[in-house]
Amino acid sequence: MDVTDILVVASEAIWLIIKCSMPVLISSLVVGLIISIFQTVTSIQEQTLTFVPKLLVVFLVLILSGNWILTNIVTFIKDICERFGDFVR
């Protein structure tokens, strides 16, 4: 296993992490932005107001996209296991 193999696997892993975390991060960002705009319009300055809605949205997104995330992770692991012979030269 040389440096290029390590870099390829590492970059694939990083892209997998980014791809799988995007639905949760984007939904949390959108909910936070909506609640922030609501707080600005109504002059409510409560910092903990965003916590519960964000938590509920994150759980909902994880429930809805959990199968897709798991499928991506399992495919990546299968690919790594299939290429294991190439890594051990």
# chains A, B, ... in the order shown; residues from 1 in each chain; ligands from 1
>>> residues_around(residues="region 10-18 of chain A", least_positions_apart="2", cutoff="10 Å", atoms="only C-alpha atoms", output="PyMOL selection string")
chain A and resi 4-8+20-23+25+69+72-73+76-77
>>> residues_around(residues="Asp86 (chain A)", least_positions_apart="4", cutoff="12 Å", atoms="only C-alpha atoms", output="MDAnalysis selection string")
chainID A and resid 1:2 5:6 9 79:82
>>> residues_around(residues="Gly32 (chain A)", least_positions_apart="2", cutoff="10 Å", atoms="only C-alpha atoms", output="list in words")
Ile26, Ser27, Ser28, Leu29, Val30, Ile34, Ile35, Ser36, Ile37, Phe38, Leu49, Thr50, Phe51, Pro53 and Lys54 of chain A
>>> select_by_dssp(residues="region 1-64 of chain A", states="alpha helix (DSSP H)", output="MDAnalysis selection string")
chainID A and resid 3:42 51:64
>>> closest_residue(among="A:Val3, A:Val24, A:Thr40, A:Val88", to="Gly66 (chain A)", atoms="only C-alpha atoms")
A:Val24
